[in-house]
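**Student:** To be precise about what I am sending: the file is called query.csv and holds CSV, C-alpha atoms.
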```csv
chain,number,residue,atom,x,y,z
A,3,MET,CA,0.0,0.0,0.0
A,4,THR,CA,1.3,3.4,-0.9
A,5,VAL,CA,0.7,6.0,1.8
A,6,PRO,CA,0.5,9.5,0.3
A,7,ASP,CA,1.1,12.8,2.1
A,8,MET,CA,-2.1,14.8,2.2
A,9,GLU,CA,-1.4,18.4,1.3
A,10,LYS,CA,-4.0,21.2,1.6
A,11,VAL,CA,-4.6,23.0,-1.7
A,12,ASP,CA,-3.1,26.5,-1.6
A,13,ALA,CA,-2.0,29.1,-4.1
A,14,GLY,CA,1.2,27.2,-4.8
A,15,ASN,CA,-0.3,23.8,-5.7
A,16,PHE,CA,-3.6,25.1,-7.2
A,17,PRO,CA,-2.4,24.4,-10.8
A,18,GLU,CA,-1.9,20.7,-9.9
A,19,PHE,CA,-5.3,20.6,-8.3
A,20,LEU,CA,-6.9,22.0,-11.5
A,21,SER,CA,-5.0,19.5,-13.6
A,22,LEU,CA,-6.5,16.7,-11.6
A,23,ILE,CA,-10.0,18.2,-11.9
A,24,ARG,CA,-9.6,18.2,-15.6
A,25,SER,CA,-8.6,14.5,-15.5
A,26,LEU,CA,-11.7,13.7,-13.4
A,27,ALA,CA,-13.9,15.5,-16.0
A,28,GLU,CA,-12.3,13.5,-18.8
A,29,PHE,CA,-12.9,10.2,-16.8
A,30,GLU,CA,-16.5,11.1,-16.2
A,31,HIS,CA,-17.0,12.3,-19.8
A,32,LEU,CA,-17.9,15.8,-18.7
A,33,VAL,CA,-16.8,19.3,-19.8
A,34,PRO,CA,-14.0,20.6,-17.5
A,35,PRO,CA,-14.3,23.9,-15.7
A,36,ASP,CA,-13.8,26.9,-18.0
A,37,THR,CA,-11.6,29.8,-17.1
A,38,ALA,CA,-14.3,31.6,-15.2
A,39,ALA,CA,-15.1,28.5,-13.2
A,40,GLU,CA,-11.4,27.9,-12.4
A,41,GLU,CA,-11.3,31.4,-10.9
A,42,ARG,CA,-14.4,30.7,-8.8
A,43,LEU,CA,-12.8,27.4,-7.7
A,44,ARG,CA,-9.7,29.4,-6.6
A,45,ALA,CA,-11.7,32.1,-4.8
A,46,ASP,CA,-14.0,29.6,-3.1
A,47,ALA,CA,-11.1,27.4,-1.8
A,48,LEU,CA,-8.6,30.1,-1.0
A,49,GLY,CA,-10.7,33.1,-0.1
A,50,GLU,CA,-11.2,34.5,3.4
A,51,THR,CA,-14.3,32.3,4.0
A,52,PRO,CA,-13.7,29.1,2.0
A,53,ARG,CA,-16.8,27.3,0.6
A,54,TYR,CA,-15.0,24.0,0.4
A,55,GLU,CA,-11.7,22.3,1.4
A,56,ALA,CA,-9.4,20.5,-1.0
A,57,TYR,CA,-6.4,18.3,-0.4
A,58,LEU,CA,-3.9,16.6,-2.8
A,59,ALA,CA,-2.6,13.1,-2.2
A,60,LYS,CA,1.1,13.3,-3.0
A,61,ILE,CA,3.7,10.6,-3.6
A,62,GLY,CA,6.9,12.5,-3.1
A,63,THR,CA,6.2,15.7,-5.1
A,64,THR,CA,3.8,14.1,-7.5
A,65,PRO,CA,0.0,14.6,-7.1
A,66,ALA,CA,-1.6,11.2,-7.1
A,67,GLY,CA,-5.2,12.2,-6.3
A,68,TYR,CA,-7.4,14.7,-4.6
A,69,VAL,CA,-10.4,15.1,-2.4
A,70,THR,CA,-12.8,18.0,-2.0
A,71,PHE,CA,-15.5,18.3,0.7
A,72,TYR,CA,-17.7,20.8,2.5
A,73,PHE,CA,-20.1,20.6,5.4
A,74,THR,CA,-23.9,20.4,5.4
A,75,TYR,CA,-26.1,20.0,8.5
A,76,SER,CA,-28.4,17.3,9.7
A,77,THR,CA,-31.4,18.6,11.7
A,78,PHE,CA,-32.3,15.1,12.8
A,79,LEU,CA,-28.8,14.4,14.2
A,80,ALA,CA,-28.2,18.0,15.2
A,81,ARG,CA,-24.6,17.5,13.8
A,82,PRO,CA,-22.7,18.5,10.7
A,83,THR,CA,-22.3,16.1,7.8
A,84,LEU,CA,-19.1,16.0,5.8
A,85,TYR,CA,-20.2,15.9,2.2
A,86,LEU,CA,-17.5,14.4,0.0
A,87,GLU,CA,-17.8,16.2,-3.4
A,88,ASP,CA,-14.9,14.6,-5.2
A,89,ILE,CA,-12.4,11.8,-4.5
A,90,PHE,CA,-10.3,11.0,-7.5
A,91,VAL,CA,-7.2,8.9,-8.2
A,92,PRO,CA,-5.8,8.9,-11.8
A,93,GLY,CA,-5.7,5.5,-13.5
A,94,GLN,CA,-1.9,5.1,-13.1
A,95,TYR,CA,-2.2,5.4,-9.3
A,96,ARG,CA,-5.2,3.1,-8.7
A,97,GLY,CA,-4.9,-0.1,-6.9
A,98,GLN,CA,-2.1,1.2,-4.6
A,99,GLY,CA,-4.4,2.1,-1.6
A,100,ILE,CA,-4.3,5.9,-2.3
A,101,GLY,CA,-8.1,6.1,-2.5
A,102,ARG,CA,-8.5,4.1,0.7
A,103,HIS,CA,-6.0,6.5,2.4
A,104,MET,CA,-7.9,9.6,1.2
A,105,LEU,CA,-11.3,8.1,2.3
A,106,GLY,CA,-9.7,7.4,5.7
A,107,PHE,CA,-8.4,11.0,5.8
A,108,CYS,CA,-11.9,12.3,5.2
A,109,ARG,CA,-13.4,9.9,7.8
A,110,LYS,CA,-10.9,11.2,10.4
A,111,ILE,CA,-11.8,14.8,9.6
A,112,ALA,CA,-15.5,14.0,10.0
A,113,ARG,CA,-14.8,12.4,13.4
A,114,ASP,CA,-12.6,15.2,14.6
A,115,ARG,CA,-15.1,17.8,13.6
A,116,GLY,CA,-18.0,16.1,15.3
A,117,CYS,CA,-19.9,15.0,12.2
A,118,GLY,CA,-22.8,12.7,12.5
A,119,ARG,CA,-22.1,11.2,9.1
A,120,MET,CA,-20.3,11.5,5.8
A,121,GLU,CA,-22.1,11.3,2.5
A,122,TRP,CA,-21.3,11.4,-1.3
A,123,MET,CA,-22.7,10.3,-4.6
A,124,VAL,CA,-21.3,7.9,-7.2
A,125,LEU,CA,-22.2,7.5,-10.8
A,126,ASP,CA,-24.3,4.4,-11.4
A,127,TRP,CA,-21.9,3.2,-14.2
A,128,ASN,CA,-18.8,3.5,-12.0
A,129,GLU,CA,-18.7,-0.1,-10.8
A,130,PRO,CA,-15.1,0.0,-9.5
A,131,ALA,CA,-16.0,3.0,-7.2
A,132,ILE,CA,-19.2,1.2,-6.1
A,133,ARG,CA,-17.2,-1.9,-5.1
A,134,PHE,CA,-14.6,0.3,-3.4
A,135,TYR,CA,-17.2,2.2,-1.3
A,136,THR,CA,-19.1,-1.0,-0.4
A,137,LYS,CA,-15.9,-2.7,0.7
A,138,SER,CA,-15.1,0.4,2.8
A,139,GLY,CA,-18.3,-0.1,4.8
A,140,ALA,CA,-20.5,2.5,3.0
A,141,LYS,CA,-24.2,1.8,2.5
A,142,ARG,CA,-26.1,2.8,-0.6
A,143,LEU,CA,-29.2,4.8,0.2
A,144,GLY,CA,-32.6,4.5,-1.4
A,145,TRP,CA,-32.9,8.2,-2.2
A,146,TYR,CA,-33.3,9.8,-5.6
A,147,VAL,CA,-31.1,12.7,-6.5
A,148,TYR,CA,-32.9,15.8,-7.9
A,149,ARG,CA,-31.2,18.9,-9.3
A,150,LEU,CA,-32.2,22.3,-10.6
A,151,ASP,CA,-29.6,23.7,-12.9
A,152,ARG,CA,-28.6,27.4,-12.8
A,153,GLU,CA,-31.0,28.4,-15.6
A,154,ASP,CA,-33.9,26.7,-13.7
A,155,LEU,CA,-33.3,28.4,-10.4
```
As structure tokens, how would this structure be written, given the file I've shared?
**Tutor:**
Amino acid sequence: MTVPDMEKVDAGNFPEFLSLIRSLAEFEHLVPPDTAAEERLRADALGETPRYEAYLAKIGTTPAGYVTFYFTYSTFLARPTLYLEDIFVPGQYRGQGIGRHMLGFCRKIARDRGCGRMEWMVLDWNEPAIRFYTKSGAKRLGWYVYRLDREDL
């Protein structure tokens, strides 16, 4: 198992973070963030009041994955929920335990910050991720995801 160092995304490593986001977009067959979105990502992570947290998993000086998360709130538990927005390991680094390490890193943050739970979504076609999460002890919920896009708000 390869144990990466977890490095908080900052102004110095932000370009590496963006490169990994582009790789995830390619993997998911999505359009990557445009220049304006990249600037919002920067401001929202590095501004005075960050909207999300981001960490790079590094093997030496090489980025081998990233996680992004933010906190929501459960009124039933009366505790925060760590919402895992992205966890991504590029193909050449998969199978080395890096994803497991990053998920464990997020679990620790959730425990340390008093969260009642941790949640995320996975694409229904991403069978390797589904197996990984199930093996990690996660349970699939019976909820449907709904969305209003910006033009429908």
**Student:** To one decimal in Å, tell me the separation between CA of His103 (chain A) and CA of Ala13 (chain A).
**Tutor:** 23.9 Å
**Student:** Mind pulling up the distance from CA of Val124 (chain A) to CA of Tyr148 (chain A)?
**Tutor:**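 According to the coordinates, CA of Tyr148 (chain A) and CA of Val124 (chain A) are separated by 14.1 Å.
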**Student:** Write out as an MDAnalysis selection string the residues lying within 8 Å of Glu55 (chain A), counting all atoms listed in the file and excluding same-chain residues fewer than 4 positions away.
**Tutor:** chainID A and resid 10:11 47 70:72
**Student:** Interatomic distance between CA of Glu129 (chain A) and CA of Ile100 (chain A)?
**Tutor:**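 Computed distance, CA of Glu129 (chain A) to CA of Ile100 (chain A), equals 17.8 Å.
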**Student:** Tell me, as a list in words, which residues lie within 8 Å of Thr74 (chain A), counting all atoms listed in the file; anything in the same chain fewer than 5 positions away does not count.
**Tutor:**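 Here the answer would be Pro82, Thr83, Leu84 and Tyr85 of chain A.
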**Student:** What's the 7 Å shell around Arg81 (chain A), counting only C-alpha atoms, without same-chain residues fewer than 4 positions away, as a list of chain:residue names?
**Tutor:** A:Tyr75, A:Ser76, A:Gly116, A:Cys117, A:Gly118
**Student:** Let me make sure I understand: among A:Asp7, A:Asp154, A:Glu28, A:Asp126, which one has the smallest atom-to-atom distance to Ile61 (chain A) if we use only C-alpha atoms?
**Tutor:**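 Among the listed residues, the smallest separation from Ile61 (chain A) belongs to A:Asp7.
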**Student:** How close does each residue of region 36-64 of chain A get to region 105-111 of chain A, giving the shortest atom pair and distance in Å to one decimal for every residue with an atom at most 12 Å away, counting all atoms listed in the file, sorted by chain and residue number, as a tab-separated table?
**Tutor:**
```
residue	atom	partner	partner_atom	distance
A:Glu55	CA	A:Cys108	CA	10.7
A:Ala56	CA	A:Cys108	CA	10.6
A:Tyr57	CA	A:Phe107	CA	9.8
A:Leu58	CA	A:Phe107	CA	11.2
A:Ala59	CA	A:Phe107	CA	10.1
```
**Student:** Tyr95 (chain A): which residues within 12 Å, counting all atoms listed in the file, same-chain residues fewer than 3 positions away excluded, as a list of chain:residue names?
**Tutor:** A:Met3, A:Thr4, A:Val5, A:Pro6, A:Ala59, A:Lys60, A:Ile61, A:Thr64, A:Pro65, A:Ala66, A:Gly67, A:Tyr68, A:Phe90, A:Val91, A:Pro92, A:Gln98, A:Gly99, A:Ile100, A:Gly101, A:Arg102
**Student:** With all atoms listed in the file as the atoms that count, which of A:Val147, A:Ala140, A:Leu86, A:Ala27 lies nearest to Ala112 (chain A)?
**Tutor:**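 Smallest distance to Ala112 (chain A) is found for A:Leu86.
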**Student:** List the spatial neighbours of Leu26 (chain A) as a ChimeraX atom specification - criterion: any atom at most 12 Å away, all atoms listed in the file, same-chain residues fewer than 5 positions off excluded.
**Tutor:** /A:19-21,31-35,67-69,87-93
**Student:** Measuring atom to atom with all atoms listed in the file, identify which of A:Ala80, A:Ala39, A:Leu48, A:Leu155 is nearest to Asn15 (chain A).
**Tutor:**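 Among the listed residues, the smallest separation from Asn15 (chain A) belongs to A:Leu48.
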